[in-house]
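Pasted below: run.cif, mmCIF, C-alpha atoms and all ligand atoms.
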```cif
data_structure
loop_
_atom_site.label_atom_id
_atom_site.label_comp_id
_atom_site.auth_asym_id
_atom_site.auth_seq_id
_atom_site.Cartn_x
_atom_site.Cartn_y
_atom_site.Cartn_z
CA MET S 1039 168.46 5.01 25.11
CA ALA S 1040 171.21 7.38 23.97
CA GLU S 1041 168.66 10.19 23.84
CA ASN S 1042 167.55 9.46 27.39
CA ALA S 1043 171.10 9.65 28.61
CA THR S 1044 171.63 12.99 26.87
CA ALA S 1045 168.34 14.37 28.26
CA SER S 1046 169.20 13.41 31.82
CA THR S 1047 172.72 14.85 31.41
CA GLN S 1048 171.14 18.18 30.45
CA GLU S 1049 168.85 18.03 33.49
CA LEU S 1050 171.81 17.32 35.68
CA GLU S 1051 173.68 20.29 34.23
CA ARG S 1052 170.76 22.65 34.88
CA ALA S 1053 170.30 21.42 38.45
CA ALA S 1054 174.03 21.70 39.13
CA LEU S 1055 174.31 25.23 37.75
CA ASP S 1056 171.22 26.38 39.66
CA SER S 1057 172.51 25.17 42.97
CA LEU S 1058 175.98 26.55 42.20
CA ALA S 1059 174.44 29.97 41.68
CA ALA S 1060 172.77 29.68 45.09
CA ALA S 1061 176.01 28.85 46.90
CA LYS S 1062 177.19 32.10 48.48
CA SER S 1063 179.91 31.16 50.92
CA GLU S 1064 183.06 29.12 50.76
CA SER S 1065 181.52 26.35 52.82
CA GLN S 1066 178.43 26.16 50.59
CA LEU S 1067 180.69 25.97 47.52
CA GLU S 1068 182.62 23.12 49.07
CA GLU S 1069 179.36 21.26 49.78
CA TRP S 1070 178.42 21.75 46.15
CA ARG S 1071 181.81 20.44 44.94
CA VAL S 1072 181.47 17.28 47.03
CA ALA S 1073 177.91 16.69 45.79
CA TYR S 1074 178.64 17.08 42.07
CA LEU S 1075 182.35 16.74 41.40
CA GLY S 1076 183.50 14.69 44.40
CA ARG S 1077 184.61 11.06 44.16
CA ARG S 1078 181.21 9.90 45.32
CA GLY S 1079 179.45 12.80 43.70
CA GLU S 1080 176.75 12.77 41.04
CA LEU S 1081 179.09 12.87 38.04
CA SER S 1082 181.49 10.14 39.21
CA THR S 1083 178.55 7.87 40.00
CA ARG S 1084 177.12 8.35 36.52
CA LEU S 1085 180.49 7.88 34.82
CA ARG S 1086 180.94 4.63 36.69
CA SER S 1087 177.58 3.35 35.52
CA VAL S 1088 178.40 4.02 31.85
CA GLY S 1089 179.92 0.50 31.71
CA SER S 1090 176.52 -1.04 32.34
CA LEU S 1091 174.90 0.68 29.35
CA PRO S 1092 174.43 -1.19 26.04
CA PRO S 1093 177.77 -1.05 24.13
CA GLU S 1094 176.39 1.20 21.37
CA ASP S 1095 175.37 3.89 23.92
CA ARG S 1096 178.53 3.92 26.00
CA ARG S 1097 180.65 6.17 23.84
CA GLU S 1098 178.10 8.91 23.47
CA ALA S 1099 177.09 8.85 27.17
CA GLY S 1100 180.69 8.85 28.37
CA ALA S 1101 181.63 11.74 26.10
CA SER S 1102 178.72 13.94 27.19
CA LEU S 1103 179.35 13.27 30.89
CA ASN S 1104 183.02 14.16 30.47
CA ARG S 1105 182.12 17.42 28.69
CA LEU S 1106 179.75 18.19 31.54
CA LYS S 1107 182.48 17.49 34.06
CA ILE S 1108 184.82 19.93 32.31
CA SER S 1109 182.20 22.67 32.09
CA LEU S 1110 181.02 22.23 35.71
CA THR S 1111 184.62 22.30 36.91
CA ALA S 1112 185.18 25.56 35.04
CA ALA S 1113 181.91 27.02 36.44
CA PHE S 1114 182.96 25.96 39.93
CA ASP S 1115 186.40 27.59 39.64
CA GLN S 1116 184.78 30.79 38.44
CA ALA S 1117 182.31 30.75 41.36
CA VAL S 1118 185.12 30.21 43.86
CA SER S 1119 187.09 33.17 42.58
CA ASP S 1120 183.94 35.41 42.50
CA THR S 1121 183.04 34.51 46.07
CA SER S 1122 186.47 35.11 47.51
CA LYS S 1123 186.59 38.44 45.68
CA SER S 1124 183.24 39.57 47.12
CA GLU S 1125 184.24 38.35 50.59
CA ARG S 1126 187.40 40.35 50.31
CA GLN S 1127 185.37 43.42 49.42
CA THR S 1128 183.13 43.26 52.51
CA VAL S 1129 186.02 42.49 54.91
CA PRO S 1130 189.30 43.77 53.51
CA SER S 1131 192.03 41.50 54.78
CA ASP S 1132 193.98 44.48 56.13
CA ALA S 1133 190.96 45.86 58.06
CA PHE S 1134 192.33 44.64 61.35
CA ASP S 1135 195.34 42.93 62.69
CA ILE S 1136 194.05 39.75 64.28
CA THR S 1137 197.28 39.36 66.23
CA LEU S 1138 196.58 42.52 68.28
CA PRO S 1139 195.25 42.00 71.82
CA GLY S 1140 191.48 42.60 72.14
CA ARG S 1141 189.99 45.87 73.27
CA ARG S 1142 188.06 45.85 76.54
CA GLY S 1143 184.42 46.83 76.38
CA ASN S 1144 183.26 49.77 78.51
CA LEU S 1145 182.31 48.50 81.95
CA GLY S 1146 180.10 50.62 84.16
CA GLY S 1147 181.06 51.52 87.72
CA LEU S 1148 179.40 52.60 90.92
CA HIS S 1149 177.90 56.09 90.98
CA PRO S 1150 179.93 58.48 93.19
CA SER S 1151 176.89 58.96 95.49
CA GLU S 1152 176.63 55.21 95.91
CA MET S 1153 180.37 54.90 96.58
CA MET S 1154 180.23 57.63 99.19
CA MET S 1155 177.19 56.10 100.87
CA ARG S 1156 178.79 52.67 101.06
CA GLU S 1157 181.88 54.20 102.64
CA ILE S 1158 179.83 56.11 105.24
CA LEU S 1159 177.57 53.14 106.01
CA GLY S 1160 180.69 50.98 106.43
CA VAL S 1161 182.00 53.34 109.12
CA PHE S 1162 178.75 53.14 111.07
CA ASN S 1163 178.38 49.40 110.52
CA ASP S 1164 181.81 49.03 112.14
CA MET S 1165 180.45 50.93 115.15
CA GLY S 1166 177.50 48.54 115.47
CA PHE S 1167 174.82 50.36 113.46
CA GLN S 1168 172.66 48.19 111.22
CA THR S 1169 171.65 49.40 107.75
CA VAL S 1170 167.90 49.52 107.05
CA GLU S 1171 166.03 50.94 104.06
CA GLY S 1172 162.55 52.40 103.77
CA PRO S 1173 160.05 53.80 101.29
CA ILE S 1174 160.76 56.87 99.17
CA VAL S 1175 157.03 57.46 98.70
CA GLU S 1176 156.03 58.11 102.26
CA LEU S 1177 153.02 58.95 104.42
CA GLU S 1178 152.69 62.48 105.77
CA ILE S 1179 152.47 61.25 109.37
CA TYR S 1180 155.88 59.56 109.15
CA ASN S 1181 157.56 62.40 107.30
CA PHE S 1182 156.13 65.11 109.57
CA ASP S 1183 153.55 64.45 112.31
CA MET S 1184 155.29 61.71 114.25
CA LEU S 1185 158.55 63.68 114.02
CA ASN S 1186 156.91 66.42 116.09
CA ILE S 1187 156.16 68.55 113.02
CA PRO S 1188 152.38 69.18 113.14
CA ALA S 1189 150.51 70.58 110.14
CA ASP S 1190 150.75 74.21 111.24
CA HIS S 1191 154.41 73.97 112.25
CA PRO S 1192 156.64 76.53 110.48
CA ALA S 1193 159.35 73.85 109.97
CA ARG S 1194 157.22 72.41 107.17
CA ASP S 1195 157.90 75.52 105.15
CA LEU S 1196 161.63 74.73 105.22
CA GLN S 1197 161.00 71.50 103.38
CA ASP S 1198 158.97 72.29 100.30
CA THR S 1199 157.18 69.06 99.74
CA LEU S 1200 156.44 67.21 96.50
CA TRP S 1201 153.01 65.69 97.02
CA VAL S 1202 151.88 62.45 95.43
CA ASP S 1203 148.32 62.47 96.76
CA ARG S 1204 147.11 65.22 99.04
CA SER S 1205 143.41 64.42 98.85
CA SER S 1206 143.34 60.97 100.46
CA LYS S 1207 142.97 60.44 104.19
CA ASP S 1208 146.60 59.35 104.55
CA LYS S 1209 148.35 62.05 102.60
CA ILE S 1210 151.17 60.71 100.45
CA LEU S 1211 154.38 62.55 99.54
CA LEU S 1212 157.94 62.05 98.35
CA ARG S 1213 159.91 62.02 101.57
CA THR S 1214 161.78 65.26 102.22
CA GLN S 1215 164.21 63.56 104.62
CA THR S 1216 165.17 60.05 105.79
CA SER S 1217 164.00 60.84 109.35
CA PRO S 1218 160.70 58.91 108.87
CA MET S 1219 162.91 55.81 109.17
CA GLN S 1220 163.47 56.73 112.83
CA ILE S 1221 159.75 56.27 113.42
CA ARG S 1222 159.35 53.19 111.24
CA THR S 1223 162.26 51.49 113.02
CA MET S 1224 161.10 52.32 116.56
CA GLU S 1225 157.53 51.24 115.76
CA LYS S 1226 158.85 47.82 114.83
CA GLN S 1227 161.34 47.14 117.63
CA LYS S 1228 162.10 47.78 121.27
CA PRO S 1229 165.37 49.43 122.41
CA PRO S 1230 168.29 49.08 122.03
CA VAL S 1231 168.19 50.58 118.54
CA ARG S 1232 171.23 51.35 116.38
CA ILE S 1233 170.44 51.91 112.72
CA VAL S 1234 171.61 53.88 109.71
CA SER S 1235 169.23 54.36 106.79
CA PRO S 1236 170.32 55.63 103.36
CA GLY S 1237 168.09 56.76 100.53
CA LEU S 1238 166.77 59.38 98.13
CA CYS S 1239 164.87 62.45 99.33
CA PHE S 1240 163.10 65.17 97.37
CA ARG S 1241 162.36 68.82 97.93
CA HIS S 1242 160.53 71.21 95.68
CA GLU S 1243 163.13 73.94 95.66
CA ALA S 1244 165.34 75.94 93.32
CA THR S 1245 168.69 74.32 92.57
CA ASP S 1246 172.10 75.91 92.92
CA ALA S 1247 175.67 74.74 93.48
CA THR S 1248 174.83 73.29 96.90
CA HIS S 1249 171.11 72.45 96.53
CA GLU S 1250 169.42 69.82 94.41
CA TRP S 1251 165.72 68.95 94.35
CA GLN S 1252 166.74 65.28 94.56
CA PHE S 1253 169.50 64.09 96.90
CA HIS S 1254 170.49 61.30 99.22
CA GLN S 1255 170.48 61.33 102.99
CA ILE S 1256 171.79 58.91 105.55
CA GLU S 1257 169.81 58.85 108.76
CA GLY S 1258 171.23 57.52 112.00
CA LEU S 1259 169.48 56.59 115.23
CA ALA S 1260 170.69 55.14 118.53
CA VAL S 1261 168.28 54.64 121.44
CA ASP S 1262 169.10 52.86 124.67
CA GLU S 1263 169.26 53.42 128.40
CA GLY S 1264 171.74 56.10 129.41
CA ILE S 1265 172.66 57.53 125.98
CA THR S 1266 173.91 61.11 126.30
CA MET S 1267 175.09 63.99 124.17
CA SER S 1268 178.70 62.84 124.63
CA ASP S 1269 177.82 59.55 122.85
CA LEU S 1270 176.50 61.64 119.95
CA LYS S 1271 179.66 63.72 119.81
CA GLY S 1272 182.01 60.76 120.18
CA THR S 1273 180.24 58.83 117.43
CA LEU S 1274 180.23 61.76 115.01
CA TYR S 1275 183.88 62.67 115.73
CA GLU S 1276 184.85 59.10 114.97
CA PHE S 1277 182.80 59.25 111.75
CA ALA S 1278 184.57 62.48 110.70
CA ARG S 1279 188.01 61.03 111.48
CA ARG S 1280 187.31 57.95 109.39
CA ILE S 1281 185.93 59.88 106.40
CA PHE S 1282 188.05 63.05 106.36
CA GLY S 1283 191.17 61.95 108.23
CA THR S 1284 192.39 62.96 111.67
CA GLN S 1285 193.51 66.44 110.58
CA ARG S 1286 190.15 67.82 109.38
CA LYS S 1287 188.44 70.12 111.87
CA ILE S 1288 184.77 69.71 112.63
CA ARG S 1289 182.42 71.95 114.56
CA PHE S 1290 179.23 71.39 116.56
CA ARG S 1291 176.81 74.29 116.81
CA CYS S 1292 173.31 74.67 118.20
CA ASP S 1293 170.58 74.22 115.63
CA TYR S 1294 166.87 73.57 115.66
CA PHE S 1295 165.01 70.50 114.39
CA PRO S 1296 161.56 69.77 115.89
CA PHE S 1297 162.33 66.08 116.54
CA VAL S 1298 165.51 66.62 118.60
CA GLU S 1299 166.29 68.55 121.78
CA PRO S 1300 168.95 69.84 121.97
CA GLY S 1301 169.76 69.99 118.26
CA VAL S 1302 173.08 70.65 116.57
CA ASP S 1303 174.50 71.18 113.14
CA VAL S 1304 177.82 69.62 112.30
CA SER S 1305 180.16 71.45 109.95
CA VAL S 1306 183.49 70.51 108.40
CA ASP S 1307 186.32 72.87 107.65
CA TRP S 1308 186.63 73.33 103.90
CA ASN S 1309 189.54 75.56 102.90
CA GLY S 1310 188.99 77.80 105.91
CA ARG S 1311 185.20 77.83 105.54
CA TRP S 1312 182.69 75.89 107.67
CA VAL S 1313 180.36 73.76 105.55
CA GLU S 1314 177.38 72.08 107.15
CA ILE S 1315 177.21 68.35 106.48
CA MET S 1316 174.53 67.17 108.86
CA GLY S 1317 171.90 67.89 111.44
CA ALA S 1318 171.81 65.93 114.68
CA GLY S 1319 170.57 65.98 118.24
CA MET S 1320 169.09 64.10 121.16
CA VAL S 1321 165.80 62.44 120.21
CA HIS S 1322 162.89 64.56 121.47
CA PRO S 1323 160.93 62.86 124.31
CA LYS S 1324 157.70 63.49 122.38
CA VAL S 1325 159.03 61.39 119.51
CA LEU S 1326 159.97 58.55 121.86
CA GLU S 1327 156.54 58.67 123.58
CA GLY S 1328 154.85 58.76 120.17
CA VAL S 1329 156.19 55.31 119.29
CA GLY S 1330 155.46 53.94 122.77
CA TYR S 1331 158.96 54.18 124.26
CA ASP S 1332 159.26 55.23 127.91
CA SER S 1333 161.12 58.54 127.67
CA SER S 1334 162.02 58.48 131.37
CA LYS S 1335 163.93 55.26 130.79
CA TYR S 1336 165.32 55.63 127.28
CA THR S 1337 167.26 58.38 125.57
CA GLY S 1338 168.89 58.51 122.17
CA PHE S 1339 170.53 60.55 119.48
CA ALA S 1340 169.77 60.95 115.79
CA PHE S 1341 171.58 62.47 112.85
CA GLY S 1342 170.91 63.04 109.17
CA MET S 1343 173.62 63.78 106.62
CA GLY S 1344 173.93 64.44 102.89
CA PRO S 1345 176.38 62.05 101.20
CA GLU S 1346 176.61 64.30 98.11
CA ARG S 1347 177.69 67.21 100.33
CA ILE S 1348 180.27 64.99 101.97
CA ALA S 1349 181.58 63.74 98.61
CA MET S 1350 181.88 67.37 97.49
CA LEU S 1351 184.12 68.16 100.44
CA LYS S 1352 186.11 64.99 100.19
CA TYR S 1353 186.75 65.17 96.45
CA ASP S 1354 186.60 68.94 95.90
CA ILE S 1355 183.51 68.83 93.68
CA GLU S 1356 182.29 72.37 93.18
CA ASP S 1357 178.67 71.81 92.11
CA ILE S 1358 176.16 69.34 93.58
CA ARG S 1359 174.23 69.29 90.29
CA HIS S 1360 176.98 67.13 88.73
CA PHE S 1361 175.72 64.14 90.71
CA PHE S 1362 172.43 63.84 88.85
CA SER S 1363 173.31 65.29 85.45
CA ASN S 1364 174.43 61.91 84.08
CA ASP S 1365 177.50 63.34 82.40
CA LEU S 1366 180.11 60.64 81.79
CA ARG S 1367 182.91 63.20 81.87
CA PHE S 1368 182.05 63.61 85.56
CA LEU S 1369 180.97 60.07 86.41
CA SER S 1370 183.98 58.35 84.84
CA GLN S 1371 186.37 60.16 87.20
CA PHE S 1372 185.25 57.94 90.07
N1 LIG B 1401 166.21 65.38 108.79
C1 LIG B 1401 166.97 66.57 109.04
C2 LIG B 1401 167.07 67.37 107.72
O1 LIG B 1401 166.81 66.86 106.69
C3 LIG B 1401 168.35 66.25 109.55
C4 LIG B 1401 168.35 65.68 110.93
C5 LIG B 1401 168.23 64.30 111.13
C6 LIG B 1401 168.46 66.49 112.04
C7 LIG B 1401 168.24 63.77 112.40
C8 LIG B 1401 168.49 65.98 113.31
C9 LIG B 1401 168.38 64.62 113.48
O2 LIG B 1401 167.41 68.51 107.71
#
```

How does this structure look as structure tokens?
Amino acid sequence: MAENATASTQELERAALDSLAAAKSESQLEEWRVAYLGRRGELSTRLRSVGSLPPEDRREAGASLNRLKISLTAAFDQAVSDTSKSERQTVPSDAFDITLPGRRGNLGGLHPSEMMMREILGVFNDMGFQTVEGPIVELEIYNFDMLNIPADHPARDLQDTLWVDRSSKDKILLRTQTSPMQIRTMEKQKPPVRIVSPGLCFRHEATDATHEWQFHQIEGLAVDEGITMSDLKGTLYEFARRIFGTQRKIRFRCDYFPFVEPGVDVSVDWNGRWVEIMGAGMVHPKVLEGVGYDSSKYTGFAFGMGPERIAMLKYDIEDIRHFFSNDLRFLSQF
């Protein structure tokens, strides 16, 4: 009987020391303490049951359990001090001051092109133009033919096209302008039409401080009975006042685009220099007839502007290539 008690005390010691070695954190150590040394733990339970052993075994059993209690307590204390030492090594207590206020993570913001576009669209929305968006990958007929730019027209050379699929029946390209949205809109609805349409355009051309091969445009179109050139000018003057302030000078000059007649370019005064920010004009009757509008009844104006160009003027940005270079030193200024 006495031998049995001794044997099971040794087993208990081995089990206790093994699980103590496995306890790595303060909370695991505490669990271990409750299980073995706690008031309802393994050792206390066994010590309490010593009284029910035969009298001749009690002394021996009690003594060995008490020795075990002393040695497990010592092993536990050692383990506690080792753990807190190693925890202190991985996170030195002076590594940070937990009373300091937290640091804010880096939040992203809107891209300056996007900010500029929203501002411009807001101005036209206030004047009753509705925002619509269309495909960047476009059909040749929308980008050129229906805008009165047939295949042999020299205006196609001005817009060096990036082709997606030139061999299929409906030739597919990356749109070189947002003007195809004039056609798509008029095909879908009857006059009156008042829309603005923002989006990316692409041209296969060399880049410099004022030219990118990828850029945004905002197209505008108004078609109704009795729309005249003075509506075009009034609308674009109001746009310029809202974006650049009442003091900035703007200039209208004759220009040529196949889908308008007459056509104009609109420039803004930039430190004594005229900088072109958009093309515009009265919608060509051929374009109206092409979508089934009666050109003897309806007239309209259209414009197309570059928001990056406008942001450059407004914020004195010297190189258009900043917009798509993804440099945070530039982007974080907005
Ligand atoms: N789409 C023309 C361009 O990219 C601009 C324009 C739009 C001109 C509408 C007139 C009317 O150059």

(message) So that I can check the surroundings of Met1316 (chain S), please list as a list in words every protein, DNA and RNA residue that reaches within 10 Å of it, counting only C-alpha atoms and ignoring chain neighbours fewer than 2 positions away.
(response) Gln1255, Ile1256, Glu1257, Leu1274, Phe1290, Val1302, Asp1303, Val1304, Ser1305, Val1306, Val1313, Glu1314, Ala1318, Phe1341, Gly1342, Met1343, Gly1344, Pro1345, Arg1347 and Ile1348 of chain S

Output C-alpha atoms of each residue in that selection to a file, as a short mmCIF file (atom, residue, chain, number, x, y, z; two decimals), keeping the file's coordinate frame.
```
data_model
loop_
_atom_site.label_atom_id
_atom_site.label_comp_id
_atom_site.auth_asym_id
_atom_site.auth_seq_id
_atom_site.Cartn_x
_atom_site.Cartn_y
_atom_site.Cartn_z
CA GLN S 1255 170.48 61.33 102.99
CA ILE S 1256 171.79 58.91 105.55
CA GLU S 1257 169.81 58.85 108.76
CA LEU S 1274 180.23 61.76 115.01
CA PHE S 1290 179.23 71.39 116.56
CA VAL S 1302 173.08 70.65 116.57
CA ASP S 1303 174.50 71.18 113.14
CA VAL S 1304 177.82 69.62 112.30
CA SER S 1305 180.16 71.45 109.95
CA VAL S 1306 183.49 70.51 108.40
CA VAL S 1313 180.36 73.76 105.55
CA GLU S 1314 177.38 72.08 107.15
CA ALA S 1318 171.81 65.93 114.68
CA PHE S 1341 171.58 62.47 112.85
CA GLY S 1342 170.91 63.04 109.17
CA MET S 1343 173.62 63.78 106.62
CA GLY S 1344 173.93 64.44 102.89
CA PRO S 1345 176.38 62.05 101.20
CA ARG S 1347 177.69 67.21 100.33
CA ILE S 1348 180.27 64.99 101.97
#
```

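Counting only C-alpha atoms and all ligand atoms, the residue from S:Leu1058, S:Ala1340, S:Cys1292, S:Val1234 that sits nearest to ligand LIG 1401 (chain B) is S:Ala1340.
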
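Between CA of Pro1230 (chain S) and CA of Asn1186 (chain S) the separation is 21.6 Å.
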
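Residue nearest ligand LIG 1401 (chain B) within the list S:Val1261, S:Leu1145, S:Met1320, S:Ile1358: S:Met1320 [criterion: smallest interatomic distance, only C-alpha atoms and all ligand atoms].
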
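Note that the spacing between CA of Asp1183 (chain S) and CA of Gly1237 (chain S) amounts to 20.2 Å.
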
(request) For each of S:Gly1310, S:Ile1288, S:Ala1260, S:Ala1278, take the minimum atom-to-atom distance to ligand LIG 1401 (chain B), counting only C-alpha atoms and all ligand atoms, then give the residue where this is smallest. (result) S:Ala1260

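Relative to CA of Ala1247 (chain S), CA of Arg1359 (chain S) is found at 6.5 Å.
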
(message) Would you pick out the contacts of region 1216-1222 of chain S at 10 Å or less, using only C-alpha atoms, so that residues sharing its chain but fewer than 5 positions from it are not included, and give the list as a ChimeraX atom specification?
(response) /S:1170-1174,1176-1185,1227,1231,1233-1239,1254-1260,1297,1321,1325-1326,1328-1329,1340-1343

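Counting all atoms listed in the file and comparing S:Thr1047, S:Ser1334, S:Thr1214, S:Thr1266, the residue that lies closest to ligand LIG 1401 (chain B) is S:Thr1214.
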
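The shell of residues at most 12 Å from region 1113-1117 of chain S, with all atoms listed in the file counted and near chain neighbours (fewer than 5 positions) removed, consists of Glu1051, Ala1054, Leu1055, Asp1056, Ser1057, Leu1058, Ala1059, Ala1060, Ala1061, Lys1062, Ser1063, Glu1064, Gln1066, Leu1067, Glu1068, Glu1069, Trp1070, Arg1071, Val1072, Tyr1074, Leu1075, Leu1106, Lys1107, Ile1108, Ser1122, Lys1123 and Ser1124 of chain S.
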
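With all atoms listed in the file as the atoms that count, the minimum distance from ligand LIG 1401 (chain B) to the choices S:Glu1080, S:Asp1293, S:Asp1354, S:Glu1225 is reached by S:Asp1293.
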
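Each of S:Trp1312, S:Tyr1275, S:Phe1295, S:Phe1240 was checked against ligand LIG 1401 (chain B) using all atoms listed in the file; the smallest atom-to-atom distance is that of S:Phe1295.
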
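Near Thr1273 (chain S), within 9 Å and counting only C-alpha atoms, sit Phe1162, Met1165, Ser1268, Asp1269, Phe1277 and Ala1278 of chain S; same-chain residues fewer than 4 positions away were not included.
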
Would you mind completing region 1154-1175 of chain S so that it carries N, CA and C atoms, and writing it out as a PDB file, in the frame of the given file?
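Saved result, result-v1.pdb, follows:
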```pdb
ATOM      1  N   MET S1154     180.111  56.861  97.953  1.00  0.00           N
ATOM      2  CA  MET S1154     180.230  57.630  99.190  1.00  0.00           C
ATOM      3  C   MET S1154     179.332  57.032 100.269  1.00  0.00           C
ATOM      4  N   MET S1155     178.117  56.660  99.889  1.00  0.00           N
ATOM      5  CA  MET S1155     177.190  56.100 100.870  1.00  0.00           C
ATOM      6  C   MET S1155     177.711  54.786 101.451  1.00  0.00           C
ATOM      7  N   ARG S1156     178.270  53.949 100.554  1.00  0.00           N
ATOM      8  CA  ARG S1156     178.790  52.670 101.060  1.00  0.00           C
ATOM      9  C   ARG S1156     179.927  52.892 102.047  1.00  0.00           C
ATOM     10  N   GLU S1157     180.755  53.918 101.747  1.00  0.00           N
ATOM     11  CA  GLU S1157     181.880  54.200 102.640  1.00  0.00           C
ATOM     12  C   GLU S1157     181.354  54.665 104.013  1.00  0.00           C
ATOM     13  N   ILE S1158     180.384  55.587 103.982  1.00  0.00           N
ATOM     14  CA  ILE S1158     179.830  56.110 105.240  1.00  0.00           C
ATOM     15  C   ILE S1158     179.129  55.006 106.024  1.00  0.00           C
ATOM     16  N   LEU S1159     178.292  54.214 105.314  1.00  0.00           N
ATOM     17  CA  LEU S1159     177.570  53.140 106.010  1.00  0.00           C
ATOM     18  C   LEU S1159     178.552  52.154 106.628  1.00  0.00           C
ATOM     19  N   GLY S1160     179.670  51.903 105.908  1.00  0.00           N
ATOM     20  CA  GLY S1160     180.690  50.980 106.430  1.00  0.00           C
ATOM     21  C   GLY S1160     181.244  51.462 107.762  1.00  0.00           C
ATOM     22  N   VAL S1161     181.471  52.775 107.865  1.00  0.00           N
ATOM     23  CA  VAL S1161     182.000  53.340 109.120  1.00  0.00           C
ATOM     24  C   VAL S1161     181.015  53.082 110.266  1.00  0.00           C
ATOM     25  N   PHE S1162     179.731  53.339 109.995  1.00  0.00           N
ATOM     26  CA  PHE S1162     178.750  53.140 111.070  1.00  0.00           C
ATOM     27  C   PHE S1162     178.484  51.659 111.344  1.00  0.00           C
ATOM     28  N   ASN S1163     178.530  50.846 110.305  1.00  0.00           N
ATOM     29  CA  ASN S1163     178.380  49.400 110.520  1.00  0.00           C
ATOM     30  C   ASN S1163     179.472  48.905 111.461  1.00  0.00           C
ATOM     31  N   ASP S1164     180.704  49.421 111.251  1.00  0.00           N
ATOM     32  CA  ASP S1164     181.810  49.030 112.140  1.00  0.00           C
ATOM     33  C   ASP S1164     181.524  49.410 113.589  1.00  0.00           C
ATOM     34  N   MET S1165     180.752  50.498 113.786  1.00  0.00           N
ATOM     35  CA  MET S1165     180.450  50.930 115.150  1.00  0.00           C
ATOM     36  C   MET S1165     179.174  50.270 115.682  1.00  0.00           C
ATOM     37  N   GLY S1166     178.641  49.302 114.959  1.00  0.00           N
ATOM     38  CA  GLY S1166     177.500  48.540 115.470  1.00  0.00           C
ATOM     39  C   GLY S1166     176.137  49.009 115.005  1.00  0.00           C
ATOM     40  N   PHE S1167     176.109  49.918 114.002  1.00  0.00           N
ATOM     41  CA  PHE S1167     174.820  50.360 113.460  1.00  0.00           C
ATOM     42  C   PHE S1167     174.423  49.452 112.294  1.00  0.00           C
ATOM     43  N   GLN S1168     173.147  49.078 112.270  1.00  0.00           N
ATOM     44  CA  GLN S1168     172.660  48.190 111.220  1.00  0.00           C
ATOM     45  C   GLN S1168     172.001  49.016 110.121  1.00  0.00           C
ATOM     46  N   THR S1169     172.242  48.660 108.862  1.00  0.00           N
ATOM     47  CA  THR S1169     171.650  49.400 107.750  1.00  0.00           C
ATOM     48  C   THR S1169     170.228  48.921 107.477  1.00  0.00           C
ATOM     49  N   VAL S1170     169.279  49.858 107.427  1.00  0.00           N
ATOM     50  CA  VAL S1170     167.900  49.520 107.050  1.00  0.00           C
ATOM     51  C   VAL S1170     167.438  50.496 105.975  1.00  0.00           C
ATOM     52  N   GLU S1171     166.521  50.047 105.099  1.00  0.00           N
ATOM     53  CA  GLU S1171     166.030  50.940 104.060  1.00  0.00           C
ATOM     54  C   GLU S1171     164.508  51.053 104.142  1.00  0.00           C
ATOM     55  N   GLY S1172     163.993  52.191 103.685  1.00  0.00           N
ATOM     56  CA  GLY S1172     162.550  52.400 103.770  1.00  0.00           C
ATOM     57  C   GLY S1172     162.017  53.065 102.517  1.00  0.00           C
ATOM     58  N   PRO S1173     160.696  53.302 102.500  1.00  0.00           N
ATOM     59  CA  PRO S1173     160.050  53.800 101.290  1.00  0.00           C
ATOM     60  C   PRO S1173     160.404  55.257 100.957  1.00  0.00           C
ATOM     61  N   ILE S1174     160.527  55.512  99.656  1.00  0.00           N
ATOM     62  CA  ILE S1174     160.760  56.870  99.170  1.00  0.00           C
ATOM     63  C   ILE S1174     159.424  57.613  99.094  1.00  0.00           C
ATOM     64  N   VAL S1175     158.385  56.897  98.670  1.00  0.00           N
ATOM     65  CA  VAL S1175     157.030  57.460  98.700  1.00  0.00           C
ATOM     66  C   VAL S1175     156.482  57.179 100.091  1.00  0.00           C
TER      67      VAL S1175
END
```
